[in-house]
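Printed here is final.txt (compact mmCIF, C-alpha atoms and all ligand atoms):
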# COMPACT_ATOMS: atom_id res chain seq x y z
CA MET W 493 -26.11 17.21 -5.16
CA SER W 494 -26.39 16.91 -1.40
CA ALA W 495 -27.22 20.29 0.17
CA ASN W 496 -24.08 20.30 2.30
CA LEU W 497 -21.68 19.21 -0.36
CA ASN W 498 -20.32 22.21 -2.20
CA ILE W 499 -16.60 21.78 -1.67
CA ILE W 500 -14.56 18.66 -0.99
CA GLY W 501 -10.92 18.38 0.06
CA VAL W 502 -8.63 15.66 -1.25
CA LEU W 503 -5.25 14.58 0.10
CA THR W 504 -2.71 11.77 -0.13
CA SER W 505 -0.97 10.65 3.03
CA GLY W 506 1.48 8.03 4.30
CA GLY W 507 3.71 6.06 1.95
CA ASP W 508 3.07 7.00 -1.66
CA ALA W 509 1.76 4.33 -4.03
CA PRO W 510 1.57 4.09 -7.82
CA GLY W 511 -1.96 5.00 -8.88
CA MET W 512 -2.42 7.77 -6.34
CA ASN W 513 -2.35 10.30 -9.18
CA ALA W 514 -5.02 8.37 -11.04
CA ALA W 515 -7.06 8.49 -7.82
CA ILE W 516 -6.63 12.27 -7.44
CA ARG W 517 -7.64 12.71 -11.08
CA ALA W 518 -10.73 10.56 -10.66
CA VAL W 519 -11.88 12.28 -7.46
CA THR W 520 -11.33 15.72 -8.98
CA ARG W 521 -13.10 15.06 -12.25
CA ALA W 522 -15.96 13.07 -10.71
CA ALA W 523 -16.61 15.87 -8.23
CA ILE W 524 -16.40 18.69 -10.77
CA GLY W 525 -18.70 16.69 -13.04
CA GLN W 526 -21.28 16.81 -10.26
CA GLY W 527 -20.85 20.54 -9.67
CA ILE W 528 -18.75 20.05 -6.53
CA ARG W 529 -15.62 22.21 -6.12
CA VAL W 530 -12.34 20.49 -5.26
CA LYS W 531 -9.66 21.78 -2.94
CA ALA W 532 -6.39 19.88 -3.18
CA ILE W 533 -4.49 19.63 0.09
CA TYR W 534 -0.71 19.27 -0.21
CA ARG W 535 1.52 17.05 1.96
CA GLY W 536 -1.29 15.09 3.55
CA TYR W 537 -2.48 16.04 7.03
CA LYS W 538 0.56 18.31 7.39
CA GLY W 539 -0.87 20.50 4.62
CA LEU W 540 -4.27 20.43 6.24
CA ILE W 541 -2.72 21.77 9.43
CA ASP W 542 -0.60 24.37 7.61
CA GLY W 543 -3.34 25.40 5.18
CA GLU W 544 -1.51 24.30 2.02
CA VAL W 545 -4.59 24.23 -0.15
CA LYS W 546 -5.21 24.96 -3.83
CA GLU W 547 -8.47 24.76 -5.72
CA PHE W 548 -8.22 22.28 -8.61
CA THR W 549 -9.79 22.50 -12.02
CA SER W 550 -10.13 19.55 -14.35
CA GLN W 551 -6.95 20.73 -16.14
CA ASP W 552 -4.91 20.47 -12.95
CA VAL W 553 -5.18 16.70 -13.15
CA SER W 554 -4.41 16.39 -16.86
CA GLY W 555 -1.62 14.06 -17.93
CA ILE W 556 -1.11 12.45 -14.54
CA ILE W 557 -2.91 9.09 -14.83
CA GLN W 558 0.30 7.37 -15.93
CA ARG W 559 2.59 8.98 -13.38
CA GLY W 560 3.86 7.27 -10.21
CA GLY W 561 4.08 9.04 -6.86
CA THR W 562 1.58 11.74 -5.97
CA ILE W 563 1.38 15.27 -7.35
CA LEU W 564 -0.06 16.32 -3.98
CA LYS W 565 3.07 15.07 -2.17
CA SER W 566 2.76 12.92 0.91
CA ALA W 567 3.94 12.96 4.48
CA ARG W 568 3.72 11.00 7.69
CA CYS W 569 2.40 13.63 10.09
CA THR W 570 2.85 13.13 13.84
CA GLU W 571 1.29 16.53 14.58
CA PHE W 572 -2.08 15.28 13.34
CA GLN W 573 -1.92 12.63 16.06
CA THR W 574 -2.28 15.39 18.64
CA LYS W 575 -5.51 17.16 19.59
CA GLU W 576 -3.87 20.54 18.91
CA GLY W 577 -2.81 19.45 15.43
CA ARG W 578 -6.29 18.28 14.53
CA GLU W 579 -7.80 21.50 15.90
CA GLN W 580 -5.50 23.49 13.60
CA ALA W 581 -6.51 21.24 10.70
CA TYR W 582 -10.14 21.93 11.48
CA GLN W 583 -9.47 25.66 11.26
CA THR W 584 -8.29 25.06 7.67
CA ILE W 585 -11.49 23.13 6.96
CA LEU W 586 -13.55 26.09 8.22
CA ARG W 587 -11.47 28.69 6.41
CA GLU W 588 -11.59 26.81 3.11
CA GLN W 589 -15.27 25.90 3.60
CA ILE W 590 -14.53 22.23 2.97
CA ASP W 591 -17.64 20.08 3.54
CA ALA W 592 -16.06 16.63 3.25
CA LEU W 593 -12.68 14.98 2.84
CA VAL W 594 -11.43 12.21 0.56
CA VAL W 595 -8.25 10.75 2.04
CA ILE W 596 -6.06 8.47 -0.06
CA GLY W 597 -3.63 6.31 1.88
CA GLY W 598 -3.30 3.34 4.18
CA ASP W 599 -3.87 2.34 7.75
CA GLY W 600 -2.35 5.47 9.37
CA THR W 601 -4.23 7.77 6.99
CA PHE W 602 -7.54 6.12 7.83
CA THR W 603 -6.86 6.08 11.56
CA GLY W 604 -6.26 9.85 11.53
CA GLY W 605 -9.18 10.50 9.19
CA ARG W 606 -11.61 8.51 11.30
CA LEU W 607 -10.66 10.29 14.50
CA PHE W 608 -10.91 13.68 12.79
CA ALA W 609 -14.33 12.77 11.37
CA GLN W 610 -15.59 11.81 14.82
CA GLU W 611 -14.19 14.83 16.61
CA TYR W 612 -15.36 17.46 14.13
CA ASP W 613 -18.36 15.77 12.55
CA ILE W 614 -17.01 15.97 9.03
CA PRO W 615 -17.67 13.24 6.44
CA VAL W 616 -14.49 11.38 5.48
CA ILE W 617 -14.20 8.83 2.69
CA GLY W 618 -11.07 6.69 2.51
CA MET W 619 -9.51 5.38 -0.68
CA PRO W 620 -7.02 2.56 -0.09
CA GLY W 621 -3.70 3.70 -1.52
CA THR W 622 -0.82 1.56 -0.33
CA ILE W 623 1.50 -1.03 -1.85
CA ASP W 624 1.01 -3.24 1.23
CA ASN W 625 -2.57 -4.40 0.43
CA ASP W 626 -3.09 -4.77 4.17
CA LEU W 627 -6.53 -3.17 4.53
CA TRP W 628 -9.45 -5.40 5.40
CA GLY W 629 -12.52 -5.28 3.17
CA THR W 630 -10.81 -4.78 -0.15
CA ASP W 631 -9.24 -7.43 -2.37
CA ALA W 632 -6.73 -4.91 -3.64
CA THR W 633 -5.33 -1.53 -2.74
CA ILE W 634 -4.18 1.10 -5.23
CA GLY W 635 -0.48 0.52 -5.92
CA TYR W 636 -0.30 -3.10 -4.89
CA ASP W 637 -0.48 -4.55 -8.40
CA THR W 638 2.21 -2.20 -9.72
CA SER W 639 4.50 -2.96 -6.80
CA LEU W 640 4.00 -6.69 -7.25
CA SER W 641 4.98 -6.40 -10.91
CA THR W 642 8.06 -4.36 -10.03
CA ILE W 643 9.17 -6.93 -7.46
CA THR W 644 8.57 -9.79 -9.89
CA GLU W 645 10.65 -8.04 -12.53
CA CYS W 646 13.48 -7.60 -10.02
CA ILE W 647 13.32 -11.29 -9.08
CA ASP W 648 13.56 -12.26 -12.75
CA LYS W 649 16.70 -10.19 -13.10
CA LEU W 650 18.20 -11.56 -9.91
CA ARG W 651 17.47 -15.09 -11.12
CA ASP W 652 19.89 -14.62 -14.00
CA THR W 653 22.83 -13.76 -11.79
CA ALA W 654 21.84 -16.19 -9.01
CA THR W 655 21.87 -19.06 -11.51
CA SER W 656 25.14 -17.98 -13.13
CA HIS W 657 26.96 -17.82 -9.80
CA GLU W 658 25.08 -20.64 -8.07
CA ARG W 659 24.18 -18.42 -5.16
CA ILE W 660 21.37 -18.07 -2.67
CA PHE W 661 19.76 -14.64 -2.90
CA LEU W 662 17.89 -13.24 0.09
CA VAL W 663 15.59 -10.53 -1.23
CA GLU W 664 13.98 -8.18 1.26
CA VAL W 665 10.47 -7.08 0.37
CA MET W 666 8.35 -4.28 1.89
CA GLY W 667 4.88 -4.74 3.38
CA ARG W 668 4.85 -3.18 6.85
CA ASP W 669 3.23 -5.96 8.96
CA ALA W 670 1.78 -7.87 6.02
CA GLY W 671 3.18 -10.57 3.76
CA PHE W 672 0.91 -10.15 0.70
CA LEU W 673 3.57 -8.60 -1.52
CA THR W 674 6.15 -11.16 -0.44
CA LEU W 675 4.03 -14.28 -0.82
CA ASN W 676 2.52 -13.27 -4.15
CA ALA W 677 5.87 -12.16 -5.54
CA ALA W 678 7.35 -15.48 -4.42
CA ILE W 679 4.71 -17.35 -6.42
CA ALA W 680 5.08 -15.08 -9.45
CA GLY W 681 8.87 -15.21 -9.33
CA GLY W 682 9.05 -18.98 -8.75
CA CYS W 683 10.99 -18.45 -5.53
CA GLU W 684 12.30 -21.24 -3.33
CA ALA W 685 10.91 -19.80 -0.08
CA ALA W 686 9.03 -16.84 1.35
CA ILE W 687 9.39 -15.70 4.92
CA ILE W 688 6.29 -13.77 5.96
CA PRO W 689 4.92 -12.56 9.30
CA GLU W 690 1.63 -14.47 8.89
CA ARG W 691 3.30 -17.87 8.88
CA ALA W 692 5.90 -18.83 11.46
CA THR W 693 8.62 -20.11 9.17
CA VAL W 694 11.36 -21.86 11.04
CA MET W 695 14.86 -22.10 9.69
CA GLU W 696 14.42 -25.80 8.93
CA GLN W 697 11.66 -24.96 6.45
CA ILE W 698 13.96 -22.63 4.55
CA GLU W 699 16.65 -25.27 4.64
CA ASP W 700 14.21 -27.78 3.24
CA ALA W 701 13.32 -25.52 0.36
CA ILE W 702 16.92 -24.69 -0.42
CA GLY W 703 18.17 -28.22 0.17
CA ASN W 704 15.49 -29.75 -2.01
CA GLY W 705 16.18 -27.30 -4.76
CA ARG W 706 19.89 -27.90 -4.68
CA ARG W 707 19.60 -31.68 -4.49
CA LYS W 708 17.30 -31.85 -7.45
CA SER W 709 17.77 -29.66 -10.47
CA LYS W 710 18.60 -26.25 -9.09
CA ASN W 711 21.96 -24.79 -8.33
CA SER W 712 20.68 -21.52 -6.90
CA SER W 713 17.80 -20.18 -4.81
CA ILE W 714 15.86 -17.01 -4.31
CA VAL W 715 14.31 -16.58 -0.89
CA LEU W 716 12.04 -13.60 -0.25
CA VAL W 717 12.12 -12.12 3.23
CA GLN W 718 9.33 -9.77 4.30
CA GLU W 719 10.98 -6.72 5.88
CA HIS W 720 9.60 -7.32 9.39
CA ALA W 721 9.18 -11.10 9.43
CA VAL W 722 12.61 -11.69 10.94
CA GLU W 723 14.54 -9.43 13.25
CA GLY W 724 17.34 -7.99 11.15
CA GLY W 725 15.59 -8.72 7.84
CA ALA W 726 17.23 -10.43 4.87
CA ASN W 727 20.75 -9.77 6.19
CA ALA W 728 19.98 -11.72 9.34
CA VAL W 729 18.63 -14.66 7.33
CA ALA W 730 21.76 -14.64 5.14
CA LYS W 731 23.91 -14.81 8.26
CA MET W 732 21.87 -17.74 9.61
CA ILE W 733 22.27 -19.65 6.36
CA GLU W 734 25.99 -18.96 6.11
CA LYS W 735 26.50 -20.05 9.70
CA GLU W 736 24.76 -23.38 9.13
CA HIS W 737 26.09 -23.86 5.61
CA PRO W 738 29.41 -22.13 4.99
CA GLU W 739 29.50 -23.96 1.66
CA TYR W 740 26.67 -21.79 0.30
CA SER W 741 27.39 -18.41 -1.17
CA THR W 742 24.69 -15.88 -0.25
CA ARG W 743 23.89 -12.37 -1.44
CA VAL W 744 21.33 -9.92 -0.07
CA THR W 745 19.23 -7.50 -2.10
CA VAL W 746 17.03 -5.00 -0.30
CA LEU W 747 14.54 -3.77 -2.91
CA GLY W 748 13.56 -0.78 -0.76
CA HIS W 749 11.71 2.16 -2.24
CA LEU W 750 12.08 0.90 -5.80
CA GLN W 751 8.94 -1.04 -4.88
CA ARG W 752 6.95 2.17 -4.47
CA GLY W 753 7.94 3.85 -7.73
CA GLY W 754 7.04 3.62 -11.37
CA SER W 755 4.14 4.09 -13.68
CA PRO W 756 0.99 2.39 -12.38
CA THR W 757 -0.23 -0.75 -14.16
CA ALA W 758 -3.48 -0.64 -16.11
CA TYR W 759 -5.08 -2.53 -13.21
CA ASP W 760 -4.11 0.14 -10.68
CA ARG W 761 -5.20 2.98 -12.97
CA ILE W 762 -8.60 1.39 -13.48
CA LEU W 763 -8.98 0.55 -9.79
CA ALA W 764 -8.10 4.13 -8.78
CA SER W 765 -10.47 5.56 -11.37
CA ARG W 766 -13.40 3.41 -10.28
CA MET W 767 -12.73 4.07 -6.62
CA GLY W 768 -12.49 7.84 -7.16
CA VAL W 769 -15.84 7.98 -8.89
CA ALA W 770 -17.33 5.77 -6.18
CA ALA W 771 -15.91 7.99 -3.42
CA ILE W 772 -17.75 11.03 -4.80
CA GLN W 773 -20.93 9.02 -5.29
CA ALA W 774 -20.67 7.80 -1.69
CA LEU W 775 -20.42 11.38 -0.41
CA MET W 776 -23.39 12.40 -2.53
CA ASP W 777 -25.35 9.50 -1.06
CA GLY W 778 -24.64 10.82 2.40
CA GLN W 779 -22.05 8.18 3.31
CA ARG W 780 -19.36 9.03 5.83
CA ASN W 781 -16.42 7.35 7.49
CA VAL W 782 -16.21 4.50 5.02
CA MET W 783 -13.50 3.14 2.77
CA VAL W 784 -14.18 2.42 -0.87
CA GLY W 785 -13.09 -1.16 -1.49
CA ILE W 786 -13.24 -3.76 -4.21
CA GLN W 787 -14.54 -7.28 -3.67
CA ASN W 788 -14.95 -9.76 -6.54
CA ASP W 789 -14.65 -6.83 -8.95
CA ASP W 790 -17.54 -4.99 -7.30
CA ILE W 791 -17.11 -1.64 -5.58
CA VAL W 792 -18.09 -1.83 -1.92
CA LEU W 793 -18.15 0.54 1.04
CA VAL W 794 -16.57 -0.66 4.26
CA PRO W 795 -16.59 1.17 7.61
CA LEU W 796 -13.17 2.72 8.22
CA SER W 797 -13.06 1.06 11.65
CA LYS W 798 -13.30 -2.40 10.05
CA ALA W 799 -10.81 -1.61 7.29
CA ILE W 800 -8.27 -0.62 9.93
CA HIS W 801 -8.95 -3.07 12.74
CA GLN W 802 -9.98 -6.33 11.12
CA LYS W 803 -7.16 -8.63 10.18
CA LYS W 804 -6.81 -9.64 6.56
CA ASP W 805 -5.07 -12.99 6.29
CA VAL W 806 -3.09 -14.41 3.42
CA LYS W 807 -4.87 -17.17 1.52
CA GLU W 808 -3.81 -20.63 2.67
CA ASP W 809 -3.91 -22.01 -0.89
CA LYS W 810 -1.35 -19.42 -1.93
CA TRP W 811 0.93 -20.38 0.92
CA GLN W 812 0.56 -24.04 -0.03
CA ALA W 813 1.15 -23.26 -3.71
CA MET W 814 4.38 -21.47 -2.85
CA LEU W 815 5.56 -24.40 -0.70
CA THR W 816 4.46 -27.02 -3.22
CA LEU W 817 6.12 -25.36 -6.18
CA SER W 818 9.35 -24.37 -4.46
CA ILE W 819 10.96 -27.83 -4.54
O1 LIG C 901 3.25 1.38 3.74
C1 LIG C 901 4.08 1.43 2.64
C2 LIG C 901 5.53 1.18 3.02
O2 LIG C 901 6.29 1.22 1.84
C3 LIG C 901 5.78 -0.10 3.79
O3 LIG C 901 5.80 -1.23 2.96
C4 LIG C 901 7.09 0.21 4.44
O4 LIG C 901 7.25 -0.53 5.63
C5 LIG C 901 6.98 1.68 4.76
O5 LIG C 901 5.99 2.20 3.88
C6 LIG C 901 8.24 2.47 4.58
O6 LIG C 901 7.99 3.78 4.95
P1 LIG C 901 8.96 5.02 4.69
O7 LIG C 901 8.95 5.32 3.23
O8 LIG C 901 8.37 6.12 5.50
O9 LIG C 901 10.32 4.59 5.13
What does this structure look like when you write it as structure tokens?
Amino acid sequence: MSANLNIIGVLTSGGDAPGMNAAIRAVTRAAIGQGIRVKAIYRGYKGLIDGEVKEFTSQDVSGIIQRGGTILKSARCTEFQTKEGREQAYQTILREQIDALVVIGGDGTFTGGRLFAQEYDIPVIGMPGTIDNDLWGTDATIGYDTSLSTITECIDKLRDTATSHERIFLVEVMGRDAGFLTLNAAIAGGCEAAIIPERATVMEQIEDAIGNGRRKSKNSSIVLVQEHAVEGGANAVAKMIEKEHPEYSTRVTVLGHLQRGGSPTAYDRILASRMGVAAIQALMDGQRNVMVGIQNDDIVLVPLSKAIHQKKDVKEDKWQAMLTLSI
């Protein structure tokens, strides 16, 4: 064990994601297995500021690998964005004698963690936990696979009613600024179009997809709309379609936070478990301010700055596949 690594802190922050519990379990057990004590921090950075800390044993993470959400709770903490907030958080670090932090979350979590690490010279390891899959340097984030399956299941159900009533369904999908969930769900759900921020999709393209579908064999369509791709979301797209084509009957479904819930898939549980073990190994190797990622099924370490700032683009072949197969 590294001389300065007696106690680690672990927290989940930002939007929860299925598999976060598996990640907490893995970090806790991997650390304890190496003789490192684990202090669980509740409610993300808010708990770090307020000193909401409890030492975990291996038993504290029993029976949670299959559970969605996060047993540590999560929060979006604006206080941690201030110098005063981070200073208070550092007082907790000193009081609890925490030598390093493992932070599980997305972009905002890593941005805060990186700043904190720089200001107070504390090693921080990030584990990507977000349904959005928008972090550079990792093929997948914990929670993404589960969310994608949930969305696909919803599309399958909507397909039944869309076909029966010969309607166009506009389905709003989460993703913050990224279209990974939307595009992949569109392929998996056999959707007629996907509107994502990474590709400027003009109204004519949607019309093409819907028109082609209707002219040929289909009497209904499902169009996925990434939540921030169009001002006003899926409702706005429905209005546009109805204005141009009053003959079409449209319905809007906003999937919302259903996309964040549920038991994690086997893929997410395994990913979280591998990443948790790797996070502890990274700390023991003296790594700091890196994210544990996965590339071609290999665990990698990526500087937090790159994970946050470099842009991960959607794969062009996926976009083409969606367009090609939507007719
Ligand atoms: O980052 C995860 C996410 O679910 C995004 O897809 C979405 O834009 C956002 O969080 C919603 O956040 P909140 O739950 O705070 O409304």
Taking all atoms listed in the file into account, which of W:Gln551, W:Thr816, W:Gln779, W:Gln573 comes nearest Val616 (chain W)?
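With all atoms listed in the file as the atom set, the closest residue is W:Gln779.
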Ala581 (chain W) environment, 8 Å, all atoms listed in the file, sequence neighbours closer than 5 positions dropped, as a list in words
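Near Ala581 (chain W), the qualifying residues are Tyr537, Leu540, Ile541, Asp542, Gly543 and Phe572 of chain W.
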List the neighbours of region 515-522 of chain W out to 9 Å using all atoms listed in the file; skip same-chain residues closer than 6 positions along the sequence, and give me the result as JSON, numbers by chain.
{"W": [502, 503, 504, 528, 529, 530, 531, 532, 548, 549, 550, 552, 553, 554, 556, 557, 562, 563, 564, 594, 596, 619, 621, 634, 761, 763, 764, 765, 766, 767, 768, 769, 770, 771, 772, 773]}
Using all atoms listed in the file, what are the residues with an atom within 10 Å of ligand LIG 901 (chain C), set out as a VMD selection string?
chain W and resid 506 to 509 566 to 568 597 to 600 621 to 626 635 to 636 639 665 to 671 673 718 to 720 748 to 752
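Coordinates place CA of Ile762 (chain W) at a distance of 11.2 Å from CA of Asp789 (chain W).
Between CA of Val722 (chain W) and CA of Leu675 (chain W) the interatomic distance comes to 14.8 Å.
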Using all atoms listed in the file, which of the listed residues (W:Asp777, W:Ile647, W:Thr630, W:Val782) sits closest to Ala677 (chain W)?
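That would be W:Ile647, the residue with the smallest distance to Ala677 (chain W).
Going from CA of Phe608 (chain W) to CA of Met512 (chain W) covers 21.7 Å.
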Using all atoms listed in the file, the shortest atom-to-atom distance to Gly527 (chain W) among W:Met776, W:Leu796, W:Cys683, W:Pro689 belongs to W:Met776
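Of the listed residues (W:Val545, W:Ile786, W:Ile687, W:Cys569), W:Ile687 comes nearest to Val663 (chain W); the distances count all atoms listed in the file.
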Taking into account all atoms listed in the file, which residue in the set W:Gln583, W:Lys546, W:Thr638, W:Gly618 is nearest to Gly754 (chain W)?
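Of W:Gln583, W:Lys546, W:Thr638, W:Gly618, the one nearest Gly754 (chain W) is W:Thr638, counting all atoms listed in the file.
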Go through W:Ala813, W:Ser755, W:Thr642, W:Gly681 one by one, measure the shortest atom-to-atom distance of each to Gly560 (chain W) using only C-alpha atoms, and give the residue with the smallest value.
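When distances to Gly560 (chain W) are compared using only C-alpha atoms, the smallest one comes from W:Ser755.
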Need to verify the contact set: Arg651 (chain W), 9 Å, all atoms listed in the file, exclusion of same-chain residues closer than 6 positions in sequence. Can you return it as a PyMOL selection string?
chain W and resi 661+681+712-714
